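Working notes, beginning with the structure itself.
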Amino acid sequence: MWALRSLLLRAAAGRTMSQGPGRRQRPPKDPLRHLRTREKRGPSWEPGGPNTVYLQVVAAGGRDVGAALYVFSEYNRYLFNCGEGVQRLMQEHKLKVSRLDNIFLTRMHWSNVGGLCGMILTLKETGLPKCVLSGPPQLEKYLEAIKIFSGPLKGIDLAVRPHSAPEYKDETMTVFQIPIYSEQRCGNHQPPQSPGRLSPEQSSDSGSTENEQPLPDGVSQRRGGRDPSLVVAFVCKLHLKKGNFLVLRAKELGLPVGTAAIAPIIAAVKDGKSVIYEGKEILPEEICTPPEPSLAFVVVECPDEGFILPICENAAFQRYQGQADAPVALVVHMAPERVLADRRYQQWMERFGPDTQHLILNENCTSVHNLRSHKIQTQLNLIHPDIFPPLASLHCKEEGATFSVPTVRGQCLLKYQLRPRREWQRDALITCNPDEFIAEALEMPNFQESVQEYRKAAQDGPAPTEKKSQYPEIIFLGTGSAIPMKIRNVSSTLINISSDKSLLLDCGEGTFGQLCRHYGDDVDSVLSTLAAVFVSHLHADHHTGLLNILLQRERALALLGKPFRPLLVVAPTQLKPWLQQYHNQCQPLLHHVCLIPAKCLQKGTEVSNPEVERLISLLLETCDLEEFQTCLVRHCKHAFGCALVHTSGWKLVYSGDTMPCETLVQMGRDATLLIHEATLEDGLEEEAKEKTHSTTSQAIGVGMRMSARFIMLNHFSQRYAKIPLFSPDFNEKVGIAFDHMKVCFGDFPTVPKLTAPLKALFAGDIEEMEERREKRELRLVRAALLSREQAGGPGDCGPQEKRGHAGEPHSPQSKKVRAK
């Protein structure tokens, strides 16, 4: 025990010396201090208008990211549209999510709201007390639908401000919502009906409710809620900025500067009023700079030609064209090129006058958004160019329109500053320079040597005993957990069974964007081969990318001239109410889906429904499978793993999210490949148990017990952003998954040999994680010592030690924040 104390003292002394003398710990930042400041001001507080206001492009309108705009002032932060991947971009580029108390949405379409679910859950976890959503009336129903899988959103007050509500006013600006209805009414926007079915019991969109499954309490079954003929535009008018008080000039005039008597004088002159001081009238212009006039900016979406005339003839816009009280500094256009090229739309743009700037956000705006993904993939490509292929780009084939007004095409992080000076700012623009990334990697100690050693060992090693086959090909699209982050996206794995057949294992937010970055212009061909999706459970990081896959797949089939067929989705039956509610209230999509209940694929389950039997047979036939089996795993309720057995004999097992699970071991016996979650590092077994996940060694142990030929670990906590900590149990049968990693069975001998180059590339990150682990272990030792002392001596104190290791109990609220 004394030796242990000496160890503690030496470790503490070492840390003190390393920190240097007199170094103070910074107090933790309060992410919500701006809200408390606002509360102190009170409702009667009126600012003199913001000093700094700018708009910044988050997503430039590309097919992979959609269009999103961030607006900053020293008082408020706003977001216009929140498609899939927007949260990830804001995290990467340090645009503070915790300050967003207003989100404006131009249309109820998945490209605009696909990231809203994840964003709301993140805002809730940051402690933001209230967030207001403005836009189409279906927003309220959308929030109801989210609760089907998120549960009650306690802790955050979510309010919807419909387009019919009066204007919104805060410390920065007044926002006017302008509803715009298409010339083509909503009845003409319905897609052609397909014989595909949501489930064996439920018609895809028949209009009849007699056979529909009951939905959870509080979820409406009312049809006709969606209205694709409506978009909402926003006119945002900045408050007039009061002039600055000229202190030196006031002193010259003998005013009581520095005393309490000066306050009412400052307030009066800033309001443009004269004051009398010691019998002398002082005009406001003598001691105050002129006020800055109001400015406005407009955000408008015009998705197709049916909206052009209603926009051009809208009286609300006409008030801001020509001689307006608040000149329009900028108009943001979210519109395809065919709309922008229309002469009517161009004439409408011209009516704002030559001093108005125009920002275009659409698929013609080519811009790198996920810079860190490009960087890490370029560096990994140096290790193995086939397993880590370079990322690709999408190229829009539509010819760009030309304009007679000042026009700029969007780029990620492009700014337009409204105050203090109107100007474009390009200093934050992303530049993707692969040569810089390569040079940085080559400068890492031992990196080049480890790559050369690996390549020499691969050349000198024995020739493969069997011919390497390209298929099945496994593409890891998302290998992180909980929320999308700059390096690892959330769960999704593409299995290319053959050149014309593929399926997805889970489909977290941003899956389509990852496909675009992996395949570039070939993404439509890949989508056209997609036959099935397996959704393991209904946590948002595993399924909220599904809707975009459905919509983009339909687009891909149409572009390639291939016949449309519904996508087979194997999922818990609880997915059905979410799809139904979104379909009823927001956007038609049920014709895309044939849902196969995951429970019907469990071993020993008797399927009595002929339609379910037909769909299962179709699944096996379409994917060339002998068997598609599921089992319940140890995570949340209705969480499944799956095993696929191909007609050629290979077997692939996917764990989904789970603690070590004996049922999975039995189902996966003799698997060719096991893909198993390894959310947490070794030493965090208690935390893993609390959060129903696995540690690295636990995941490897599952693979060993099922006699898997090879094990790929994925679903890492975002605390291991680049690479997880290696376990002593790592061996020649274990590999670590990275986003955009591509492996086939013939790569199994190669993947473990990449460990040395990976350790060299990420040496700094591994060192930091090991330091954190040592500090954590030190805290546990201290807790154990304290428990022994409190127990009264060096006797047997097993229970106290155990409590010391367990640490403090975790509150339910904190559980999710630390969960992954």
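Here, A, B, ... name the chains of the structure tokens in the order displayed, residue numbers run from 1 inside each chain, and ligands are numbered from 1 in the same displayed order.
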* Quick one: everything within 7 Å of Arg709 of chain A, counting only C-alpha atoms, minus sequence neighbours fewer than 5 positions away in the same chain. Send it as a VMD selection string. => chain A and resid 671 to 673 733
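When atom CA of Ala639 of chain A is paired with atom CA of Thr692 of chain A, their separation reads 11.0 Å.
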* Of the candidates A:Phe388, A:Phe297, A:Tyr78, A:Phe762, which shows the shortest atom-to-atom distance to Leu330 of chain A, using only C-alpha atoms? -> A:Phe297
* Structure fact -> Between A:Ala756, A:Leu625, A:Cys636, A:Cys661, smallest distance to Ser648 of chain A by only C-alpha atoms belongs to A:Leu625
* Residue list (strand (DSSP E or B), DSSP) for segment 279-456 of chain A, as a ChimeraX atom specification -> /A:280-282,288,292,296-301,328-334,357-360,407-409,415-419,423-425
Can you pull out every residue within 6 Å of His693 of chain A, counting only C-alpha atoms, but drop anything in the same chain fewer than 2 positions away, and send it as a short mmCIF file (atom, residue, chain, number, x, y, z; two decimals) with N, CA, C and O atoms, in the first residue's frame?
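Final output, result.cif:
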```
data_model
loop_
_atom_site.label_atom_id
_atom_site.label_comp_id
_atom_site.auth_asym_id
_atom_site.auth_seq_id
_atom_site.Cartn_x
_atom_site.Cartn_y
_atom_site.Cartn_z
N THR A 658 -24.30 -3.78 -29.77
CA THR A 658 -24.59 -4.81 -28.78
C THR A 658 -23.44 -4.97 -27.78
O THR A 658 -22.29 -4.66 -28.09
N MET A 659 -23.77 -5.44 -26.60
CA MET A 659 -22.78 -6.02 -25.70
C MET A 659 -22.45 -7.42 -26.24
O MET A 659 -23.14 -7.91 -27.14
N ALA A 688 -19.13 0.48 -20.87
CA ALA A 688 -19.71 -0.25 -22.01
C ALA A 688 -20.97 -1.00 -21.59
O ALA A 688 -21.97 -1.01 -22.32
N LYS A 691 -23.86 1.36 -21.12
CA LYS A 691 -24.38 1.90 -22.39
C LYS A 691 -24.70 0.81 -23.40
O LYS A 691 -25.00 1.10 -24.56
#
```
* **Contact residues around Arg773 of chain A with only C-alpha atoms at 10 Å, ignoring same-chain residues under 2 positions, as a ChimeraX atom specification** => /A:681-684,725,767-771,775-779
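The space separating atom CA of Leu121 of chain A from atom CA of Asp765 of chain A comes to 28.1 Å.
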* Ala532 of chain A surroundings by only C-alpha atoms, 7 Å radius, close-in-sequence under 6 positions cut, as a list in words -> Leu503, Leu504, Leu567, Leu568 and Val569 of chain A
* Asked: Would you give me, as an MDAnalysis selection string, the residues in segment 525-602 of chain A that DSSP reads as helix (DSSP H, G or I)?
  -> chainID A and resid 525:529 540:543 546:559 575:585 590:592 598:601
Residues of the last selection are to be written out with C-alpha atoms, as a PDB file, in the first residue's frame.
```pdb
ATOM      1  CA  SER A 525     -24.905   3.318 -60.972  1.00  0.00           C
ATOM      2  CA  VAL A 526     -24.204   2.114 -57.432  1.00  0.00           C
ATOM      3  CA  LEU A 527     -27.656   3.162 -56.215  1.00  0.00           C
ATOM      4  CA  SER A 528     -29.270   1.338 -59.108  1.00  0.00           C
ATOM      5  CA  THR A 529     -27.710  -1.925 -57.868  1.00  0.00           C
ATOM      6  CA  ALA A 540     -31.016   7.855 -35.063  1.00  0.00           C
ATOM      7  CA  ASP A 541     -27.368   7.145 -35.930  1.00  0.00           C
ATOM      8  CA  HIS A 542     -28.430   3.903 -37.651  1.00  0.00           C
ATOM      9  CA  HIS A 543     -31.442   4.765 -39.805  1.00  0.00           C
ATOM     10  CA  LEU A 546     -32.652   5.823 -45.194  1.00  0.00           C
ATOM     11  CA  LEU A 547     -35.117   8.356 -46.579  1.00  0.00           C
ATOM     12  CA  ASN A 548     -32.499  10.111 -48.689  1.00  0.00           C
ATOM     13  CA  ILE A 549     -31.296   6.757 -50.036  1.00  0.00           C
ATOM     14  CA  LEU A 550     -34.876   5.966 -51.078  1.00  0.00           C
ATOM     15  CA  LEU A 551     -35.359   9.328 -52.820  1.00  0.00           C
ATOM     16  CA  GLN A 552     -31.946   9.396 -54.496  1.00  0.00           C
ATOM     17  CA  ARG A 553     -32.298   5.797 -55.638  1.00  0.00           C
ATOM     18  CA  GLU A 554     -35.549   6.658 -57.439  1.00  0.00           C
ATOM     19  CA  ARG A 555     -33.776   9.582 -59.115  1.00  0.00           C
ATOM     20  CA  ALA A 556     -30.852   7.342 -60.124  1.00  0.00           C
ATOM     21  CA  LEU A 557     -33.093   4.696 -61.694  1.00  0.00           C
ATOM     22  CA  ALA A 558     -34.939   7.390 -63.658  1.00  0.00           C
ATOM     23  CA  LEU A 559     -31.695   8.999 -64.886  1.00  0.00           C
ATOM     24  CA  LEU A 575     -39.682   1.685 -38.322  1.00  0.00           C
ATOM     25  CA  LYS A 576     -43.099   1.519 -39.980  1.00  0.00           C
ATOM     26  CA  PRO A 577     -44.873   4.312 -37.996  1.00  0.00           C
ATOM     27  CA  TRP A 578     -41.992   6.729 -38.696  1.00  0.00           C
ATOM     28  CA  LEU A 579     -42.183   6.094 -42.456  1.00  0.00           C
ATOM     29  CA  GLN A 580     -45.974   6.254 -42.379  1.00  0.00           C
ATOM     30  CA  GLN A 581     -46.093   9.547 -40.509  1.00  0.00           C
ATOM     31  CA  TYR A 582     -43.467  11.196 -42.707  1.00  0.00           C
ATOM     32  CA  HIS A 583     -45.296   9.954 -45.794  1.00  0.00           C
ATOM     33  CA  ASN A 584     -48.674  11.220 -44.589  1.00  0.00           C
ATOM     34  CA  GLN A 585     -47.570  14.668 -43.482  1.00  0.00           C
ATOM     35  CA  LEU A 590     -44.082   4.604 -49.116  1.00  0.00           C
ATOM     36  CA  HIS A 591     -44.065   3.422 -52.724  1.00  0.00           C
ATOM     37  CA  HIS A 592     -40.263   3.119 -52.301  1.00  0.00           C
ATOM     38  CA  ALA A 598     -36.537  -8.370 -38.822  1.00  0.00           C
ATOM     39  CA  LYS A 599     -38.196 -10.650 -36.268  1.00  0.00           C
ATOM     40  CA  CYS A 600     -39.512 -12.839 -39.112  1.00  0.00           C
ATOM     41  CA  LEU A 601     -35.936 -13.799 -40.071  1.00  0.00           C
TER      42      LEU A 601
END
```
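Between Glu144 of chain A and the residues A:Cys631, A:Cys586, A:Val300, A:Met173, the shortest atom-to-atom distance, using only C-alpha atoms, involves A:Cys586.
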* Quote the spacing between atom CA of Ser150 of chain A and atom CA of Gly545 of chain A in Å to one decimal place. => 14.9 Å
* Which is closest to Gln448 of chain A among A:Gly258, A:Gly561, A:Pro179, A:Pro757, if we use only C-alpha atoms? -> A:Pro757
* Find the residues around segment 86-96 of chain A up to 9 Å (only C-alpha atoms counted), leave out those fewer than 2 positions away in its own chain, and share them as a VMD selection string. => chain A and resid 58 to 59 65 to 68 70 77 81 to 84 98 to 100 115 to 116 118 to 119 122 369 to 372 413 483 to 487 489 510
